[in-house]
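Notes for the one structure printed next.
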Amino acid sequence: MWRLQVVVCTLWVLLSTSFCAESKARSCGEVRQAYHAKGFSLVGVPHQEISGEHLHICPQGYTCCTSDMEDKLNQQSKLDFEKLVEESSRDMRVTFVASHKKFDEFFLELLDNSERSLSSMFSRTFGKLYVRNSEVFQDLFIELKRYYTGGNVNLEEMLNDFWTRLLERMFQLFNSQYHFTDDYLECVSKYSDQLKPFGDVPRKLKAQVTRALIAARTFVQGLMVGREVANRVAKVNVAAACVRALTKMLYCPYCRSMPGLKPCQNYCQNVMRGCLANQADLDLEWNTFTDAMLLVAERLQGPFHIDAVIEPIDLKISEAIMIMQDNNKILSAKFFQSCGPPKLSSIGRSARGISDVFSARFRPHPPEEKPTRVTETSLDRLVIDIKEKLKVSKRFWSNLPDDICADGKLTESDEEQCWNSHTKARYFPEVVKEGLTNQVNNPEVNLDITRPDTLIRQQIMALRVMTNKLKNAYNGNDIYFQDSSDEGSSSGSGSGCTEGCTTEAVLVGSEAPVMVADRSDVHTAAAGKTLSHGPSQLLLLTTLIASFGTMQPGWR
């Protein structure tokens with residue numbers, strides 16, 4: 001009898017075990033539907049749960065995932081993460097792209113309009129005399145544009161050269177009865193600093209133009225660097241440990257027959273802070289760069305307001321010419337005394353008629369003739385808009401994990417009804433801080449904190465270089481110009497440069513294309529690499545020799 005009871009009990013245990021096993025083998029219908037929605041084939045996908053000893057990432061136990069499914073979901077998690085970062089950073093990246101385009105177009109059109117205004121004004125006043133010698137003024141604007149667009153132009157020397165050429169032309173015009181050799185004209189130029197034939201206009205205009213152009217060009221360079229750094233950092237380098245953690249967070253609920261279950265918010269934050277640890281390390285330099293951009297933006301609205309400097313440049317040059325005209329007799333006598341008596345022209349040209357040309361004073365355009373303002377949007381409005389957007393972009397990279405894990409976006413707000421990496425329950429581990437070094441205690445992502453991402457380090461250096469330029473531009477200095485009289489100084493007198501002066505020399509990536517006129521779609525040069533003829537370094541520094549052609553002969 002006892003043996004019969006043992007047999008009955010044994011059979012009952014076996015039947016009970018079999019019944020329990022069958023009760024655990026749930027349907028995989030929802031998983032199949034969700035898996036297929038991701039674009040995967042349903043071939044080989046179980047209809048009911050199977051034993052999960054084959055799984056390497058997801059919890060082993062009854063599962064709806066085969067090894068092949070886990071591999072495909074592992075690959076999909078990487079793609080999903082890249083898309084999440086790209087979408088989360090899109091608005092910020094678009095801000096830099098659009099703002100760079102607007103400011104660049106504004107400044108270039110401002111220079112074009114100023115040149116047209118001067119040409120129109122001088123043509124009416126001088127007629128053919130201006131047309132015959134217009135290259136003096138055309139060259140001025142060519143060099144201003146070349147400086148702004150990144151050419152190797154020493155702005156201060158270029159402006160000095162312009163006033164020298166103008167002095168030689170005007171001096172010959174006011175004394176057309178004489179013949180002047182090149183040596184004589186060189187002597188006249190030599191005494192120009194002492195006699196100041198144009199009054200204080202050249203000094204004031206040089207100070208205003210250099211400060212305004214340095215600020216404008218450096219600000220546009222900053223927008224370009226911000227654009228390129230953001231674009232490069234947004235293309236994340238996903239480490240294997242990160243992909244594993246992402247798969248566990250995003251797709252292991254599939255394998256546990258809970259495809260609609262979202263991860264707990266704290267869990268998501270740990271995963272994202274691990275995966276974006278290197279990006280968070282960019283944040284300090286990014287914030288410093290943003291602050292420097294805001295400083296220069298203030299300058300664009302204030303004392304370095306390029307609109308107020310470049311637009312009336314024709315009136316300032318005309319004022320200088322009038323000063324020389326009013327003091328012509330006294331000035332000519334002093335030049336003759338310093339350089340010797342000139343020889344009469346063998347052609348016997350008379351000064352008759354020339355004074356009549358200059359009798360009409362330069363005057364501002366009447367309101368109805370004033371050139372159309374540069375663009376529909378004023379510089380002040382552009383600056384106000386970009387300042388607000390720059391402020392929003394601060395702490396972007398350190399906040400990115402939390403932005404991605406925001407409620408309703410990727411995670412479940414109910415802390416008891418979310419995926420905690422194993423099942424539907426509360427997630428208990430603490431959320432680690434941002435940055436690579438803090439990931440040593442991250443329970444979800446196993447990173448080697450001794451090996452920072454190389455590309456991110458390059459972007460940090462690019463931002464540091466650009467920030468240094470912005471801070472100097474705020475003070476009216478172009479840091480890459482070194483005055484030959486200032487041994488060891490790198491700030492010089494605030495104009496010109498020795499390394500190209502535009503963002504193509506701020507190296508931020510893996511390639512180094514040369515930037516020219518179209519700066520809206522070309523990437524900045526790459527960090528740590530060489531240009532076609534230079535050594536490998538963060539910045540390509542070349543020596544600038546600003547020179548101009550042989551002085552033109554006198555007005556004829």
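Within each chain, counting starts at residue 1; across the structure tokens, chains are named A, B, ... in the order shown, with ligands numbered 1 upward in that order.
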**Item:** Close residues, segment 212-224 of chain A itself excluded, 8 Å, only C-alpha atoms, min 2 positions apart in chain, as a PyMOL selection string
**Value:** chain A and resi 96-97+99-100+103-104+107+148-149+208-210+226-228+293+296-297+299-300+304-306+309+466+469-470+473-474+476-478+495+502-503+520+524
**Message:** I'd like the contact shell of Gln269 of chain A - 10 Å cut-off, only C-alpha atoms, skipping same-chain residues fewer than 3 positions apart - returned as a PyMOL selection string.
**Reply:** chain A and resi 263-266+272-275+400-406+411+430-434+444
**Prompt:** Just asking: which residues within segment 17-255 of chain A are alpha helix (DSSP H) according to DSSP, as an NGL selection string?
**Reply:** :A and (17-24 or 29-37 or 67-126 or 128-132 or 135-148 or 155-174 or 182-190 or 192-195 or 201-234 or 240-250 or 252-255)
**Request:** Run DSSP on the backbone and give me the residues of segment 161-371 of chain A it puts in strand (DSSP E), as a PyMOL selection string.
**Result:** chain A and resi 178-179+343-344
**Prompt:** Could you name the residues that touch segment 89-93 of chain A at 8 Å or less, counting only C-alpha atoms, but leaving out those on the same chain fewer than 5 positions away, as a PyMOL selection string?
**Reply:** chain A and resi 227+230-231+234+393
**Request:** For Arg381 of chain A, please output as a PyMOL selection string all residues within 12 Å (counting only C-alpha atoms; exclusion window: fewer than 2 positions along the same chain).
**Result:** chain A and resi 99+102-103+106+297+300-301+375-379+383-388
May I have the selected residues written with N, CA and C atoms, as an mmCIF file, in the first residue's frame?
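Below you can see result38.cif, which holds the result:
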```cif
data_model
loop_
_atom_site.group_PDB
_atom_site.id
_atom_site.type_symbol
_atom_site.label_atom_id
_atom_site.label_comp_id
_atom_site.auth_asym_id
_atom_site.auth_seq_id
_atom_site.Cartn_x
_atom_site.Cartn_y
_atom_site.Cartn_z
ATOM 1 N N SER A 99 22.306 80.007 -38.918
ATOM 2 C CA SER A 99 22.868 81.278 -38.456
ATOM 3 C C SER A 99 24.152 81.614 -39.201
ATOM 4 N N LYS A 102 23.129 83.018 -42.581
ATOM 5 C CA LYS A 102 22.543 84.355 -42.512
ATOM 6 C C LYS A 102 23.605 85.418 -42.252
ATOM 7 N N PHE A 103 24.464 85.175 -41.277
ATOM 8 C CA PHE A 103 25.484 86.174 -40.947
ATOM 9 C C PHE A 103 26.480 86.330 -42.092
ATOM 10 N N PHE A 106 24.957 88.330 -44.784
ATOM 11 C CA PHE A 106 24.793 89.714 -44.357
ATOM 12 C C PHE A 106 26.099 90.492 -44.502
ATOM 13 N N ALA A 297 29.144 88.555 -29.783
ATOM 14 C CA ALA A 297 27.829 89.015 -30.255
ATOM 15 C C ALA A 297 27.492 90.377 -29.655
ATOM 16 N N LEU A 300 29.247 92.954 -31.624
ATOM 17 C CA LEU A 300 28.628 93.211 -32.928
ATOM 18 C C LEU A 300 27.488 94.214 -32.807
ATOM 19 N N GLN A 301 26.865 94.249 -31.651
ATOM 20 C CA GLN A 301 25.783 95.199 -31.424
ATOM 21 C C GLN A 301 26.295 96.537 -30.918
ATOM 22 N N THR A 375 20.033 93.816 -45.831
ATOM 23 C CA THR A 375 19.095 92.701 -45.940
ATOM 24 C C THR A 375 17.791 93.083 -45.266
ATOM 25 N N GLU A 376 16.803 92.245 -45.442
ATOM 26 C CA GLU A 376 15.511 92.502 -44.807
ATOM 27 C C GLU A 376 15.627 92.414 -43.291
ATOM 28 N N THR A 377 16.556 91.606 -42.809
ATOM 29 C CA THR A 377 16.756 91.453 -41.380
ATOM 30 C C THR A 377 17.996 92.217 -40.961
ATOM 31 N N SER A 378 17.856 93.140 -40.033
ATOM 32 C CA SER A 378 19.002 93.949 -39.610
ATOM 33 C C SER A 378 19.982 93.113 -38.803
ATOM 34 N N LEU A 379 21.194 93.645 -38.694
ATOM 35 C CA LEU A 379 22.223 92.950 -37.922
ATOM 36 C C LEU A 379 21.798 92.798 -36.467
ATOM 37 N N VAL A 383 21.571 89.312 -34.396
ATOM 38 C CA VAL A 383 22.352 89.079 -33.184
ATOM 39 C C VAL A 383 21.450 88.702 -32.016
ATOM 40 N N ILE A 384 20.338 89.387 -31.871
ATOM 41 C CA ILE A 384 19.398 89.065 -30.783
ATOM 42 C C ILE A 384 18.917 87.622 -30.902
ATOM 43 N N ASP A 385 18.628 87.209 -32.127
ATOM 44 C CA ASP A 385 18.131 85.844 -32.360
ATOM 45 C C ASP A 385 19.189 84.797 -32.026
ATOM 46 N N ILE A 386 20.419 85.019 -32.490
ATOM 47 C CA ILE A 386 21.447 84.002 -32.257
ATOM 48 C C ILE A 386 21.853 83.966 -30.787
ATOM 49 N N LYS A 387 21.798 85.088 -30.095
ATOM 50 C CA LYS A 387 22.139 85.096 -28.673
ATOM 51 C C LYS A 387 21.181 84.212 -27.877
ATOM 52 N N GLU A 388 19.907 84.292 -28.192
ATOM 53 C CA GLU A 388 18.934 83.448 -27.495
ATOM 54 C C GLU A 388 19.192 81.971 -27.769
#
```
**Asked** Distance atom CA of Leu331 of chain A-atom CA of Val201 of chain A, one decimal place?
**Response**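 Between atom CA of Leu331 of chain A and atom CA of Val201 of chain A the gap is 16.1 Å.
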